[in-house]
$ cat start.csv   # CSV, C-alpha atoms
chain,number,residue,atom,x,y,z
M,1186,MET,CA,-4.2,7.4,-17.7
M,1187,LYS,CA,-3.7,4.4,-15.5
M,1188,ILE,CA,-4.6,3.4,-11.9
M,1189,ASP,CA,-2.1,4.0,-9.1
M,1190,GLN,CA,-3.0,3.0,-5.6
M,1191,HIS,CA,-6.7,2.8,-6.7
M,1192,TRP,CA,-6.7,6.4,-8.1
M,1193,LEU,CA,-6.8,7.3,-11.8
M,1194,THR,CA,-3.7,9.3,-12.8
M,1195,ASN,CA,-4.0,12.4,-14.9
M,1196,VAL,CA,-7.5,13.3,-13.6
M,1197,THR,CA,-8.6,15.7,-10.8
M,1198,HIS,CA,-8.8,14.2,-7.4
M,1199,ASN,CA,-11.4,15.7,-4.9
M,1200,PRO,CA,-11.7,13.2,-2.1
M,1201,SER,CA,-15.2,12.7,-0.7
M,1202,PRO,CA,-15.9,11.8,2.9
M,1203,ASN,CA,-18.9,9.9,1.7
M,1204,CYS,CA,-17.3,6.5,1.4
M,1205,ASP,CA,-16.1,3.6,3.6
M,1206,GLU,CA,-14.4,0.3,3.5
M,1207,ARG,CA,-15.7,-2.4,1.2
M,1208,VAL,CA,-17.0,-5.6,2.7
M,1209,SER,CA,-14.4,-7.3,0.5
M,1210,GLU,CA,-11.8,-5.2,-1.3
M,1211,THR,CA,-11.3,-8.0,-3.8
M,1212,ASP,CA,-15.0,-8.2,-4.8
M,1213,ILE,CA,-15.1,-5.4,-7.3
M,1214,SER,CA,-17.4,-7.0,-9.9
M,1215,LEU,CA,-19.8,-4.4,-11.3
M,1216,ILE,CA,-19.7,-1.0,-12.9
M,1217,VAL,CA,-22.8,1.2,-12.5
M,1218,ILE,CA,-23.4,4.1,-14.9
M,1219,HIS,CA,-25.3,7.1,-13.5
M,1220,CYS,CA,-26.0,10.7,-14.6
M,1221,ILE,CA,-26.0,13.8,-12.6
M,1222,SER,CA,-26.5,17.6,-13.1
M,1223,LEU,CA,-26.9,20.2,-10.4
M,1224,PRO,CA,-29.2,22.0,-10.5
M,1225,PRO,CA,-31.1,19.6,-12.7
M,1226,ASN,CA,-30.3,20.0,-16.4
M,1227,LYS,CA,-27.6,22.6,-15.7
M,1228,PHE,CA,-24.0,21.7,-16.7
M,1229,SER,CA,-20.6,23.0,-15.8
M,1230,THR,CA,-21.4,24.1,-12.3
M,1231,PRO,CA,-19.4,23.6,-9.1
M,1232,TYR,CA,-22.3,21.9,-7.4
M,1233,ILE,CA,-21.5,18.2,-8.0
M,1234,ASP,CA,-18.2,18.8,-6.3
M,1235,GLN,CA,-20.0,20.5,-3.4
M,1236,LEU,CA,-22.6,17.7,-3.1
M,1237,PHE,CA,-20.0,15.0,-3.0
M,1238,THR,CA,-17.9,16.8,-0.5
M,1239,ASN,CA,-20.8,17.9,1.8
M,1240,GLN,CA,-20.4,21.6,1.0
M,1241,LEU,CA,-23.7,22.2,-1.0
M,1242,ASN,CA,-25.3,25.4,0.2
M,1243,PRO,CA,-29.1,25.0,0.4
M,1244,GLU,CA,-29.5,28.7,-0.3
M,1245,ASP,CA,-27.8,28.6,-3.8
M,1246,HIS,CA,-30.9,27.0,-5.5
M,1247,PRO,CA,-34.4,25.9,-4.4
M,1248,TYR,CA,-33.6,22.2,-5.4
M,1249,PHE,CA,-30.6,22.1,-3.1
M,1250,LYS,CA,-32.9,22.5,0.0
M,1251,GLU,CA,-34.1,18.9,-0.8
M,1252,ILE,CA,-30.6,17.4,-1.3
M,1253,TYR,CA,-28.0,19.3,0.6
M,1254,GLN,CA,-27.9,16.9,3.6
M,1255,LEU,CA,-27.5,13.8,1.4
M,1256,LYS,CA,-24.3,11.9,2.0
M,1257,VAL,CA,-23.5,10.6,-1.5
M,1258,SER,CA,-20.6,10.2,-3.8
M,1259,ALA,CA,-19.4,8.3,-6.8
M,1260,HIS,CA,-16.0,7.0,-7.7
M,1261,VAL,CA,-15.7,9.2,-10.8
M,1262,VAL,CA,-17.6,11.9,-12.6
M,1263,ILE,CA,-17.1,12.4,-16.3
M,1264,LYS,CA,-17.9,16.0,-17.3
M,1265,ARG,CA,-19.4,17.1,-20.6
M,1266,ASP,CA,-16.0,18.0,-22.0
M,1267,GLY,CA,-14.6,14.5,-21.1
M,1268,SER,CA,-12.6,15.7,-18.1
M,1269,CYS,CA,-12.8,13.6,-15.0
M,1270,VAL,CA,-12.9,14.1,-11.3
M,1271,GLN,CA,-12.3,11.1,-9.0
M,1272,TYR,CA,-13.9,11.3,-5.5
M,1273,VAL,CA,-13.3,7.9,-4.0
M,1274,PRO,CA,-10.5,5.4,-4.6
M,1275,PHE,CA,-11.7,2.2,-6.3
M,1276,ASN,CA,-10.8,0.0,-3.3
M,1277,LYS,CA,-13.3,1.9,-1.2
M,1278,ARG,CA,-17.1,1.8,-1.2
M,1279,ALA,CA,-18.6,5.0,-2.7
M,1280,TRP,CA,-22.2,5.8,-1.7
M,1281,HIS,CA,-23.8,5.9,-5.2
M,1282,ALA,CA,-26.2,3.1,-5.6
M,1283,GLY,CA,-28.5,3.1,-2.6
M,1284,ALA,CA,-30.9,0.3,-2.2
M,1285,SER,CA,-30.0,-1.9,-5.1
M,1286,ILE,CA,-29.7,-5.5,-6.4
M,1287,TYR,CA,-27.7,-7.0,-9.3
M,1288,ALA,CA,-27.8,-10.7,-10.3
M,1289,GLY,CA,-29.3,-11.6,-7.0
M,1290,LYS,CA,-26.8,-9.7,-4.9
M,1291,GLU,CA,-28.1,-6.8,-2.8
M,1292,ARG,CA,-26.2,-3.7,-1.7
M,1293,CYS,CA,-24.4,-2.9,-5.0
M,1294,ASN,CA,-22.2,-0.3,-3.3
M,1295,ASP,CA,-20.4,-3.2,-1.7
M,1296,PHE,CA,-19.1,-4.6,-4.9
M,1297,SER,CA,-19.4,-1.9,-7.6
M,1298,ILE,CA,-17.7,1.1,-9.1
M,1299,GLY,CA,-20.0,4.1,-9.7
M,1300,ILE,CA,-19.3,6.3,-12.7
M,1301,GLU,CA,-21.4,9.5,-13.1
M,1302,LEU,CA,-21.8,11.2,-16.4
M,1303,GLU,CA,-22.5,14.9,-16.1
M,1304,GLY,CA,-25.8,15.0,-17.9
M,1305,SER,CA,-29.5,14.5,-17.9
M,1306,GLU,CA,-31.7,11.6,-18.8
M,1307,THR,CA,-33.2,13.8,-21.6
M,1308,VAL,CA,-30.1,15.3,-23.1
M,1309,PRO,CA,-27.7,13.3,-25.3
M,1310,TYR,CA,-24.3,12.6,-23.8
M,1311,THR,CA,-21.2,14.0,-25.6
M,1312,GLU,CA,-18.7,12.3,-27.8
M,1313,ALA,CA,-16.0,13.2,-25.3
M,1314,GLN,CA,-17.9,11.5,-22.5
M,1315,TYR,CA,-18.3,8.3,-24.4
M,1316,GLU,CA,-14.6,8.3,-25.3
M,1317,GLN,CA,-13.5,8.9,-21.7
M,1318,LEU,CA,-16.0,6.3,-20.3
M,1319,ASN,CA,-14.6,3.7,-22.7
M,1320,LYS,CA,-11.0,4.5,-21.6
M,1321,ILE,CA,-11.9,4.3,-18.0
M,1322,ILE,CA,-13.8,1.0,-18.4
M,1323,ALA,CA,-10.8,-0.5,-20.3
M,1324,ILE,CA,-8.4,0.6,-17.5
M,1325,LEU,CA,-10.8,-0.8,-14.8
M,1326,LEU,CA,-11.1,-4.1,-16.6
M,1327,GLU,CA,-7.4,-4.4,-17.0
M,1328,HIS,CA,-6.6,-3.5,-13.4
M,1329,TYR,CA,-9.4,-5.4,-11.5
M,1330,PRO,CA,-9.6,-9.0,-12.8
M,1331,THR,CA,-13.0,-9.5,-11.0
M,1332,LEU,CA,-14.7,-7.1,-13.4
M,1333,SER,CA,-16.1,-8.2,-16.7
M,1334,ARG,CA,-17.5,-6.3,-19.6
M,1335,LYS,CA,-20.9,-8.1,-19.2
M,1336,ASP,CA,-21.2,-6.6,-15.7
M,1337,ILE,CA,-21.8,-3.0,-16.7
M,1338,THR,CA,-25.2,-1.7,-16.0
M,1339,GLY,CA,-27.3,1.5,-15.4
M,1340,HIS,CA,-28.5,2.8,-12.1
M,1341,SER,CA,-32.0,2.2,-13.4
M,1342,ASP,CA,-31.3,-1.5,-13.7
M,1343,ILE,CA,-30.1,-2.1,-10.2
M,1344,ALA,CA,-32.8,0.2,-8.6
M,1345,PRO,CA,-35.8,-0.2,-10.9
M,1346,GLY,CA,-38.8,1.9,-9.9
M,1347,ARG,CA,-36.6,4.1,-7.8
M,1348,LYS,CA,-34.0,5.4,-10.3
M,1349,THR,CA,-34.1,6.0,-14.0
M,1350,ASP,CA,-30.6,7.1,-14.9
M,1351,PRO,CA,-28.6,7.1,-17.1
M,1352,GLY,CA,-31.8,7.3,-19.1
M,1353,ALA,CA,-33.0,6.8,-22.6
M,1354,CYS,CA,-30.4,9.2,-24.1
M,1355,PHE,CA,-27.5,6.9,-23.0
M,1356,ASP,CA,-26.4,4.9,-26.0
M,1357,TRP,CA,-25.3,1.5,-24.7
M,1358,GLN,CA,-24.0,0.6,-28.1
M,1359,ARG,CA,-21.3,3.2,-27.7
M,1360,LEU,CA,-19.6,1.1,-25.0
M,1361,LYS,CA,-16.8,-0.8,-26.7
$ encode --input "start.csv" --output "structure tokens"
Amino acid sequence: MKIDQHWLTNVTHNPSPNCDERVSETDISLIVIHCISLPPNKFSTPYIDQLFTNQLNPEDHPYFKEIYQLKVSAHVVIKRDGSCVQYVPFNKRAWHAGASIYAGKERCNDFSIGIELEGSETVPYTEAQYEQLNKIIAILLEHYPTLSRKDITGHSDIAPGRKTDPGACFDWQRLK
């Protein structure tokens, strides 16, 4: 795996319309770890793809009536088996963080890369997910010199009180 024109190679690409130009394409200085499962606590469904590409049917599950109109995305989702889907090229702004602040800088979407782990805050993540996350982080650090290992954080840390992911089950010690 490597990065070619801001896309990971050897992963599935499913472009999301829920992105736009970064304020500064050269200011990629944060990695934000999230978790997602649709419906909540259900894994290996097609619904994350559908949400990130604005195709989620509100009739498929009661929870979807609350979220189907959201315009959200992430750069990458790492599934439970370690496979990946990239939705937004890294030089674009994915809509993953919402109202957020990191090290005094607001609007984290402007300068961050959002990585979603398919999971739940109450279910341990898989070995395959940690392995793939570490590979992707290493590739990002190598490709984007403005990133540093110390600037990797959870959604809960940049949106405290509003977000709680990746949750207590995420083992930060597993990041190499």
$ atom_distance --input "start.csv" --atom1 "CA of Ser1229 (chain M)" --atom2 "CA of His1246 (chain M)"
15.1 Å
$ closest_atom_pairs --input "start.csv" --of "region 1230-1328 of chain M" --to "region 1198-1208 of chain M" --cutoff "6 Å" --atoms "all atoms listed in the file" --output "Markdown table"
| residue | atom | partner | partner_atom | distance |
| --- | --- | --- | --- | --- |
| M:Phe1237 | CA | M:Ser1201 | CA | 5.8 |
| M:Thr1238 | CA | M:Ser1201 | CA | 4.9 |
| M:Lys1256 | CA | M:Asn1203 | CA | 5.8 |
| M:Val1257 | CA | M:Asn1203 | CA | 5.6 |
| M:Ser1258 | CA | M:Asn1203 | CA | 5.8 |
| M:Val1270 | CA | M:His1198 | CA | 5.7 |
| M:Gln1271 | CA | M:His1198 | CA | 4.9 |
| M:Tyr1272 | CA | M:Pro1200 | CA | 4.5 |
| M:Val1273 | CA | M:Pro1200 | CA | 5.9 |
| M:Lys1277 | CA | M:Glu1206 | CA | 5.1 |
| M:Arg1278 | CA | M:Arg1207 | CA | 5.0 |
| M:Ala1279 | CA | M:Cys1204 | CA | 4.6 |
| M:Trp1280 | CA | M:Cys1204 | CA | 5.8 |
| M:Asp1295 | CA | M:Arg1207 | CA | 5.6 |
$ residues_around --input "start.csv" --residues "region 1224-1228 of chain M" --least-positions-apart "2" --cutoff "10 Å" --atoms "all atoms listed in the file" --output "NGL selection string"
:M and (1221-1222 or 1230-1233 or 1245-1249 or 1264-1265 or 1303-1308)
$ residues_around --input "start.csv" --residues "Gln1240 (chain M)" --least-positions-apart "4" --cutoff "8 Å" --atoms "only C-alpha atoms" --output "ChimeraX atom specification"
/M:1235-1236,1253
$ write_last_selection --input "start.csv" --atoms "C-alpha atoms" --output "compact mmCIF listing (two decimals), keeping the file's coordinate frame"
# COMPACT_ATOMS: atom_id res chain seq x y z
CA GLN M 1235 -20.00 20.50 -3.40
CA LEU M 1236 -22.60 17.70 -3.10
CA TYR M 1253 -28.00 19.30 0.60
$ atom_distance --input "start.csv" --atom1 "CA of His1260 (chain M)" --atom2 "CA of Leu1223 (chain M)"
17.3 Å
$ build_atoms --input "start.csv" --residues "region 1305-1332 of chain M" --atoms "N, CA and C atoms" --output "tab-separated table (two decimals), in the coordinates of the input"
chain	number	residue	atom	x	y	z
M	1305	SER	N	-28.10	14.59	-18.20
M	1305	SER	CA	-29.50	14.50	-17.90
M	1305	SER	C	-30.07	13.30	-18.68
M	1306	GLU	N	-31.10	12.70	-18.15
M	1306	GLU	CA	-31.70	11.60	-18.80
M	1306	GLU	C	-32.36	12.00	-20.17
M	1307	THR	N	-32.52	13.30	-20.38
M	1307	THR	CA	-33.20	13.80	-21.60
M	1307	THR	C	-32.33	14.55	-22.55
M	1308	VAL	N	-31.02	14.59	-22.26
M	1308	VAL	CA	-30.10	15.30	-23.10
M	1308	VAL	C	-28.99	14.32	-23.55
M	1309	PRO	N	-28.72	14.19	-24.84
M	1309	PRO	CA	-27.70	13.30	-25.30
M	1309	PRO	C	-26.33	13.55	-24.61
M	1310	TYR	N	-25.61	12.49	-24.31
M	1310	TYR	CA	-24.30	12.60	-23.80
M	1310	TYR	C	-23.31	12.99	-24.89
M	1311	THR	N	-22.14	13.51	-24.54
M	1311	THR	CA	-21.20	14.00	-25.60
M	1311	THR	C	-20.27	12.92	-26.05
M	1312	GLU	N	-19.72	13.16	-27.22
M	1312	GLU	CA	-18.70	12.30	-27.80
M	1312	GLU	C	-17.53	12.13	-26.79
M	1313	ALA	N	-17.11	13.26	-26.21
M	1313	ALA	CA	-16.00	13.20	-25.30
M	1313	ALA	C	-16.29	12.37	-24.05
M	1314	GLN	N	-17.54	12.37	-23.61
M	1314	GLN	CA	-17.90	11.50	-22.50
M	1314	GLN	C	-17.83	10.04	-22.81
M	1315	TYR	N	-18.34	9.68	-23.98
M	1315	TYR	CA	-18.30	8.30	-24.40
M	1315	TYR	C	-16.81	7.82	-24.54
M	1316	GLU	N	-15.99	8.67	-25.13
M	1316	GLU	CA	-14.60	8.30	-25.30
M	1316	GLU	C	-13.90	8.11	-23.94
M	1317	GLN	N	-14.13	9.02	-23.01
M	1317	GLN	CA	-13.50	8.90	-21.70
M	1317	GLN	C	-14.07	7.72	-20.92
M	1318	LEU	N	-15.38	7.49	-21.02
M	1318	LEU	CA	-16.00	6.30	-20.30
M	1318	LEU	C	-15.37	5.04	-20.85
M	1319	ASN	N	-15.21	4.92	-22.15
M	1319	ASN	CA	-14.60	3.70	-22.70
M	1319	ASN	C	-13.16	3.53	-22.23
M	1320	LYS	N	-12.40	4.61	-22.15
M	1320	LYS	CA	-11.00	4.50	-21.60
M	1320	LYS	C	-11.01	4.05	-20.20
M	1321	ILE	N	-11.86	4.65	-19.39
M	1321	ILE	CA	-11.90	4.30	-18.00
M	1321	ILE	C	-12.32	2.84	-17.78
M	1322	ILE	N	-13.34	2.42	-18.51
M	1322	ILE	CA	-13.80	1.00	-18.40
M	1322	ILE	C	-12.65	0.08	-18.80
M	1323	ALA	N	-11.94	0.37	-19.87
M	1323	ALA	CA	-10.80	-0.50	-20.30
M	1323	ALA	C	-9.75	-0.58	-19.20
M	1324	ILE	N	-9.44	0.55	-18.59
M	1324	ILE	CA	-8.40	0.60	-17.50
M	1324	ILE	C	-8.93	-0.23	-16.31
M	1325	LEU	N	-10.20	-0.06	-15.95
M	1325	LEU	CA	-10.80	-0.80	-14.80
M	1325	LEU	C	-10.74	-2.31	-15.09
M	1326	LEU	N	-11.13	-2.72	-16.30
M	1326	LEU	CA	-11.10	-4.10	-16.60
M	1326	LEU	C	-9.74	-4.74	-16.59
M	1327	GLU	N	-8.77	-3.96	-16.99
M	1327	GLU	CA	-7.40	-4.40	-17.00
M	1327	GLU	C	-6.86	-4.52	-15.53
M	1328	HIS	N	-7.21	-3.57	-14.71
M	1328	HIS	CA	-6.60	-3.50	-13.40
M	1328	HIS	C	-7.34	-4.39	-12.35
M	1329	TYR	N	-8.65	-4.58	-12.50
M	1329	TYR	CA	-9.40	-5.40	-11.50
M	1329	TYR	C	-9.95	-6.63	-12.24
M	1330	PRO	N	-9.28	-7.77	-12.06
M	1330	PRO	CA	-9.60	-9.00	-12.80
M	1330	PRO	C	-11.02	-9.55	-12.43
M	1331	THR	N	-11.62	-9.08	-11.33
M	1331	THR	CA	-13.00	-9.50	-11.00
M	1331	THR	C	-14.06	-8.85	-11.76
M	1332	LEU	N	-13.71	-7.80	-12.50
M	1332	LEU	CA	-14.70	-7.10	-13.40
M	1332	LEU	C	-14.74	-7.76	-14.72
